[in-house]
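Data block for data21.cif (mmCIF, C-alpha atoms):
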```
data_start
#
loop_
_atom_site.group_PDB
_atom_site.id
_atom_site.type_symbol
_atom_site.label_atom_id
_atom_site.label_comp_id
_atom_site.auth_asym_id
_atom_site.auth_seq_id
_atom_site.Cartn_x
_atom_site.Cartn_y
_atom_site.Cartn_z
ATOM 1 C CA MET A 1 -13.743 5.804 6.633
ATOM 2 C CA LYS A 2 -14.299 4.194 3.245
ATOM 3 C CA ARG A 3 -11.795 4.179 0.425
ATOM 4 C CA ILE A 4 -13.418 4.527 -2.991
ATOM 5 C CA VAL A 5 -11.931 2.270 -5.627
ATOM 6 C CA SER A 6 -12.216 3.933 -9.016
ATOM 7 C CA LEU A 7 -12.878 1.966 -12.181
ATOM 8 C CA ALA A 8 -11.605 2.828 -15.652
ATOM 9 C CA PHE A 9 -14.087 2.935 -18.534
ATOM 10 C CA LEU A 10 -13.602 3.321 -22.276
ATOM 11 C CA PRO A 11 -14.456 6.927 -23.199
ATOM 12 C CA LEU A 12 -17.324 6.227 -25.630
ATOM 13 C CA ALA A 13 -17.917 2.513 -25.990
ATOM 14 C CA ALA A 14 -18.977 2.141 -22.383
ATOM 15 C CA ILE A 15 -21.589 4.888 -22.644
ATOM 16 C CA THR A 16 -24.873 3.332 -23.732
ATOM 17 C CA SER A 17 -27.190 6.254 -23.154
ATOM 18 C CA ALA A 18 -26.991 9.821 -21.932
ATOM 19 C CA GLN A 19 -29.759 8.963 -19.492
ATOM 20 C CA GLU A 20 -28.088 5.854 -18.045
ATOM 21 C CA ALA A 21 -25.881 6.327 -15.017
ATOM 22 C CA ALA A 22 -22.525 4.563 -14.978
ATOM 23 C CA PRO A 23 -22.321 1.631 -12.554
ATOM 24 C CA ALA A 24 -21.304 2.707 -9.079
ATOM 25 C CA ALA A 25 -17.701 1.961 -8.163
ATOM 26 C CA PRO A 26 -17.421 -0.510 -5.298
ATOM 27 C CA ASP A 27 -16.357 0.863 -1.951
ATOM 28 C CA TYR A 28 -14.586 -1.048 0.775
ATOM 29 C CA GLU A 29 -14.181 -0.474 4.482
ATOM 30 C CA THR A 30 -10.836 1.001 5.503
ATOM 31 C CA THR A 31 -9.330 2.399 8.687
ATOM 32 C CA SER A 32 -6.999 5.399 8.594
ATOM 33 C CA VAL A 33 -3.760 5.491 10.562
ATOM 34 C CA ILE A 34 -1.254 8.327 10.904
ATOM 35 C CA LEU A 35 2.431 7.468 11.135
ATOM 36 C CA LYS A 36 4.162 10.464 12.676
ATOM 37 C CA THR A 37 7.845 10.368 11.745
ATOM 38 C CA THR A 38 10.762 12.696 12.348
ATOM 39 C CA MET A 39 10.467 13.696 8.669
ATOM 40 C CA GLY A 40 6.705 14.292 8.663
ATOM 41 C CA ASP A 41 3.367 12.492 8.747
ATOM 42 C CA ILE A 42 2.242 9.609 6.544
ATOM 43 C CA THR A 43 -1.487 8.816 6.508
ATOM 44 C CA VAL A 44 -2.503 5.350 5.364
ATOM 45 C CA ALA A 45 -5.834 3.629 4.711
ATOM 46 C CA LEU A 46 -5.779 0.030 5.921
ATOM 47 C CA GLU A 47 -7.877 -2.413 3.891
ATOM 48 C CA THR A 48 -9.789 -3.917 6.799
ATOM 49 C CA GLU A 49 -12.422 -5.453 4.516
ATOM 50 C CA ARG A 50 -10.292 -6.850 1.706
ATOM 51 C CA ALA A 51 -7.226 -7.827 3.772
ATOM 52 C CA PRO A 52 -8.794 -8.376 7.206
ATOM 53 C CA ILE A 53 -6.064 -10.531 8.768
ATOM 54 C CA THR A 54 -3.156 -8.337 7.718
ATOM 55 C CA ALA A 55 -4.896 -5.027 8.419
ATOM 56 C CA ALA A 56 -6.036 -6.228 11.857
ATOM 57 C CA ASN A 57 -2.471 -7.271 12.639
ATOM 58 C CA PHE A 58 -1.148 -3.811 11.765
ATOM 59 C CA LEU A 59 -3.900 -2.160 13.813
ATOM 60 C CA ARG A 60 -2.936 -4.264 16.801
ATOM 61 C CA TYR A 61 0.639 -2.986 16.529
ATOM 62 C CA VAL A 62 -0.783 0.545 16.355
ATOM 63 C CA ASP A 63 -3.278 0.175 19.211
ATOM 64 C CA GLU A 64 -0.720 -1.454 21.509
ATOM 65 C CA ASP A 65 1.930 1.224 20.747
ATOM 66 C CA ARG A 66 4.264 -1.406 19.333
ATOM 67 C CA LEU A 67 5.312 0.808 16.406
ATOM 68 C CA ASP A 68 6.023 3.887 18.528
ATOM 69 C CA GLY A 69 9.773 4.414 18.546
ATOM 70 C CA THR A 70 10.484 2.000 15.686
ATOM 71 C CA VAL A 71 12.181 3.213 12.518
ATOM 72 C CA PHE A 72 12.186 3.154 8.753
ATOM 73 C CA TYR A 73 15.563 1.536 8.216
ATOM 74 C CA ARG A 74 15.740 0.499 4.565
ATOM 75 C CA ALA A 75 15.526 2.279 1.204
ATOM 76 C CA MET A 76 15.631 -0.013 -1.821
ATOM 77 C CA ARG A 77 16.287 1.999 -4.977
ATOM 78 C CA LEU A 78 15.559 0.886 -8.522
ATOM 79 C CA ASP A 79 17.045 2.704 -11.515
ATOM 80 C CA TRP A 80 14.275 1.828 -13.961
ATOM 81 C CA GLY A 81 10.749 3.168 -14.475
ATOM 82 C CA ASP A 82 9.384 6.395 -13.086
ATOM 83 C CA GLN A 83 11.623 7.948 -10.463
ATOM 84 C CA PRO A 84 12.024 7.773 -7.549
ATOM 85 C CA ASN A 85 11.440 4.029 -7.662
ATOM 86 C CA GLY A 86 11.771 1.239 -5.107
ATOM 87 C CA LEU A 87 10.458 0.979 -1.553
ATOM 88 C CA ILE A 88 11.095 1.914 2.050
ATOM 89 C CA GLN A 89 10.854 -0.569 4.898
ATOM 90 C CA GLY A 90 10.317 -0.181 8.618
ATOM 91 C CA GLY A 91 8.761 -1.727 11.694
ATOM 92 C CA ALA A 92 9.533 -3.868 14.705
ATOM 93 C CA GLN A 93 12.683 -5.558 13.328
ATOM 94 C CA PHE A 94 12.007 -8.727 15.327
ATOM 95 C CA ASP A 95 12.331 -6.894 18.644
ATOM 96 C CA PRO A 96 11.056 -9.536 21.118
ATOM 97 C CA LYS A 97 9.359 -6.832 23.186
ATOM 98 C CA ARG A 98 7.378 -5.656 20.174
ATOM 99 C CA ILE A 99 6.632 -8.504 17.793
ATOM 100 C CA LEU A 100 3.452 -10.541 17.869
ATOM 101 C CA ASP A 101 2.895 -14.033 16.519
ATOM 102 C CA PRO A 102 3.208 -14.449 12.729
ATOM 103 C CA ILE A 103 0.009 -14.110 10.725
ATOM 104 C CA ALA A 104 -1.536 -16.109 7.902
ATOM 105 C CA HIS A 105 -0.576 -14.935 4.428
ATOM 106 C CA GLU A 106 -3.260 -13.076 2.426
ATOM 107 C CA PRO A 107 -2.112 -13.159 -1.216
ATOM 108 C CA THR A 108 -3.155 -10.430 -3.618
ATOM 109 C CA SER A 109 -4.803 -13.098 -5.777
ATOM 110 C CA GLU A 110 -7.384 -13.420 -2.987
ATOM 111 C CA THR A 111 -7.632 -9.814 -1.768
ATOM 112 C CA GLY A 112 -7.707 -8.153 -5.179
ATOM 113 C CA LEU A 113 -5.134 -5.603 -4.014
ATOM 114 C CA SER A 114 -1.909 -4.777 -5.838
ATOM 115 C CA HIS A 115 1.567 -3.370 -5.256
ATOM 116 C CA THR A 116 0.871 0.002 -6.838
ATOM 117 C CA ARG A 117 2.394 3.347 -5.837
ATOM 118 C CA GLY A 118 1.791 3.972 -2.136
ATOM 119 C CA ALA A 119 0.872 0.363 -1.319
ATOM 120 C CA LEU A 120 1.749 -1.022 2.119
ATOM 121 C CA SER A 121 3.029 -4.592 2.009
ATOM 122 C CA MET A 122 4.137 -6.991 4.724
ATOM 123 C CA ALA A 123 7.797 -7.969 4.904
ATOM 124 C CA ARG A 124 8.322 -11.694 5.422
ATOM 125 C CA ASN A 125 10.519 -14.692 4.799
ATOM 126 C CA GLU A 126 8.293 -17.653 3.922
ATOM 127 C CA PRO A 127 4.519 -17.124 3.538
ATOM 128 C CA GLY A 128 2.935 -17.069 6.978
ATOM 129 C CA THR A 129 5.972 -15.562 8.747
ATOM 130 C CA ALA A 130 5.034 -11.848 8.613
ATOM 131 C CA THR A 131 4.978 -10.054 11.963
ATOM 132 C CA GLY A 132 5.605 -6.329 12.402
ATOM 133 C CA ASP A 133 7.711 -5.108 9.479
ATOM 134 C CA PHE A 134 6.268 -3.528 6.348
ATOM 135 C CA SER A 135 7.219 -1.739 3.138
ATOM 136 C CA ILE A 136 5.767 1.186 1.186
ATOM 137 C CA MET A 137 6.026 1.216 -2.620
ATOM 138 C CA LEU A 138 7.423 4.296 -4.375
ATOM 139 C CA GLN A 139 6.027 3.189 -7.764
ATOM 140 C CA ASP A 140 4.048 0.241 -9.107
ATOM 141 C CA GLN A 141 5.791 -3.030 -8.219
ATOM 142 C CA THR A 142 3.194 -5.500 -9.489
ATOM 143 C CA GLY A 143 5.857 -8.193 -9.784
ATOM 144 C CA MET A 144 5.455 -8.510 -6.007
ATOM 145 C CA ASP A 145 1.801 -9.520 -6.442
ATOM 146 C CA ALA A 146 0.863 -13.192 -6.208
ATOM 147 C CA GLN A 147 1.387 -15.095 -9.451
ATOM 148 C CA PRO A 148 -0.388 -18.434 -8.884
ATOM 149 C CA ASP A 149 0.641 -19.824 -12.288
ATOM 150 C CA ALA A 150 4.330 -18.917 -11.994
ATOM 151 C CA GLU A 151 6.804 -21.758 -12.503
ATOM 152 C CA ASP A 152 9.071 -20.412 -9.767
ATOM 153 C CA PRO A 153 7.445 -21.138 -6.373
ATOM 154 C CA GLN A 154 8.829 -17.954 -4.808
ATOM 155 C CA PHE A 155 6.618 -15.843 -7.098
ATOM 156 C CA ARG A 156 3.384 -17.780 -6.599
ATOM 157 C CA ASP A 157 2.396 -16.378 -3.204
ATOM 158 C CA GLY A 158 3.762 -12.863 -3.621
ATOM 159 C CA TYR A 159 3.589 -10.381 -0.752
ATOM 160 C CA ALA A 160 0.509 -9.225 1.145
ATOM 161 C CA VAL A 161 -0.774 -5.716 0.396
ATOM 162 C CA PHE A 162 -2.934 -4.369 3.224
ATOM 163 C CA GLY A 163 -3.294 -0.626 2.666
ATOM 164 C CA TYR A 164 -2.338 2.490 0.738
ATOM 165 C CA VAL A 165 -0.840 5.889 1.516
ATOM 166 C CA THR A 166 -3.503 8.591 1.239
ATOM 167 C CA GLU A 167 -1.378 11.543 2.378
ATOM 168 C CA GLY A 168 2.342 12.037 2.826
ATOM 169 C CA MET A 169 3.922 10.422 -0.231
ATOM 170 C CA ASP A 170 6.308 13.386 -0.181
ATOM 171 C CA VAL A 171 7.483 12.142 3.225
ATOM 172 C CA VAL A 172 7.857 8.604 1.851
ATOM 173 C CA GLU A 173 9.966 9.996 -0.994
ATOM 174 C CA ALA A 174 12.090 12.040 1.421
ATOM 175 C CA ILE A 175 12.800 8.940 3.528
ATOM 176 C CA HIS A 176 13.639 7.013 0.360
ATOM 177 C CA ALA A 177 16.100 9.743 -0.674
ATOM 178 C CA ALA A 178 17.930 9.818 2.671
ATOM 179 C CA PRO A 179 21.582 8.667 2.638
ATOM 180 C CA THR A 180 22.280 4.955 2.891
ATOM 181 C CA ASP A 181 25.329 3.257 4.386
ATOM 182 C CA PRO A 182 27.260 1.209 1.796
ATOM 183 C CA ASP A 183 28.521 -1.121 4.521
ATOM 184 C CA LYS A 184 25.201 -1.828 6.261
ATOM 185 C CA GLY A 185 22.970 -4.751 5.383
ATOM 186 C CA GLU A 186 23.591 -8.341 4.401
ATOM 187 C CA GLY A 187 23.506 -10.153 1.080
ATOM 188 C CA TRP A 188 21.547 -8.415 -1.662
ATOM 189 C CA MET A 189 20.299 -5.822 0.853
ATOM 190 C CA LYS A 190 23.812 -4.532 1.536
ATOM 191 C CA GLY A 191 23.910 -0.807 0.848
ATOM 192 C CA GLN A 192 20.132 -0.401 1.236
ATOM 193 C CA MET A 193 20.148 0.428 4.960
ATOM 194 C CA LEU A 194 19.641 4.072 5.906
ATOM 195 C CA ALA A 195 22.686 5.667 7.488
ATOM 196 C CA GLN A 196 20.357 7.444 9.931
ATOM 197 C CA PRO A 197 17.075 5.496 10.304
ATOM 198 C CA VAL A 198 13.943 7.647 10.374
ATOM 199 C CA ARG A 199 12.007 7.275 13.615
ATOM 200 C CA ILE A 200 8.281 6.569 13.797
ATOM 201 C CA VAL A 201 7.497 8.769 16.773
ATOM 202 C CA ASP A 202 3.848 7.770 17.030
ATOM 203 C CA ALA A 203 1.410 5.537 15.149
ATOM 204 C CA ARG A 204 -2.288 6.052 15.857
ATOM 205 C CA ARG A 205 -5.733 5.749 14.330
ATOM 206 C CA ALA A 206 -6.906 8.887 12.568
ATOM 207 C CA ASP A 207 -10.615 8.135 13.038
#
```
Translate this file's structure into structure tokens.
Amino acid sequence: MKRIVSLAFLPLAAITSAQEAAPAAPDYETTSVILKTTMGDITVALETERAPITAANFLRYVDEDRLDGTVFYRAMRLDWGDQPNGLIQGGAQFDPKRILDPIAHEPTSETGLSHTRGALSMARNEPGTATGDFSIMLQDQTGMDAQPDAEDPQFRDGYAVFGYVTEGMDVVEAIHAAPTDPDKGEGWMKGQMLAQPVRIVDARRAD
């Protein structure tokens, strides 16, 4: 399927003539995947054209059943902005029977994608270490986008967005709202681990 990317126009200034049609919004190739969880289905559109390396990696995990039986295990909650805010995280958790080789980093400064509500983003340590774990944004988190001019090196590369939720944000929000264990997790992630991780029963292409 194709995901249509809408463009915003000024209400009057951009209209030059009643007879002139507005420029067509660009469309990009995407592939839909359904994540069937114990709390409901989440449908995502993977940006196979704009983030080809990262989207292809996720599709390989899907096609080889490497996500079946994995879990959403983390709910990061932020107390600012529109609520609920933060992200959920799930995936292979470095299971040696599931993970594939790390992939090259595709920064948002190159793909043109952004960490907006519903965005899928690869979890990683250093750039180029992402494998089979990913996050879904509850609200806009554009601070996770690449910032090539940032003084702090950790912000320059950002995280790699590779798709967006098209259906099932209510399920994402329900997972995010599930109880967390105050004793689980390490460092700054302590208290963000779900007390009862939510299982991904099946991940498959929708097309």
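The nearest approach to A:Gln83 among the residues A:Asp149, A:Ala203, A:Leu138, A:Gly158, with only C-alpha atoms taken into account, belongs to A:Leu138.
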Excluding stretch 65-81 of chain A and any residue of its chain fewer than 2 positions from it, enumerate the residues within 8 Å of it, using only C-alpha atoms, and give them as number ranges by chain. A: 61-63, 83-92, 98-99, 175-177, 180, 189, 192-194, 196-203
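Between atom CA of A:Ile53 and atom CA of A:Glu106 there is a distance of 7.4 Å.
As for atom CA of A:Thr108 and atom CA of A:Gly163, they are spaced 11.6 Å apart.
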In the coordinates of the file, take the point (-2.7, -14.6, -0.4) and a cut-off of 8 Å; then, counting all atoms listed in the file, name each qualifying protein, DNA or RNA residue as a PyMOL selection string. chain A and resi 105-111+146+157-160
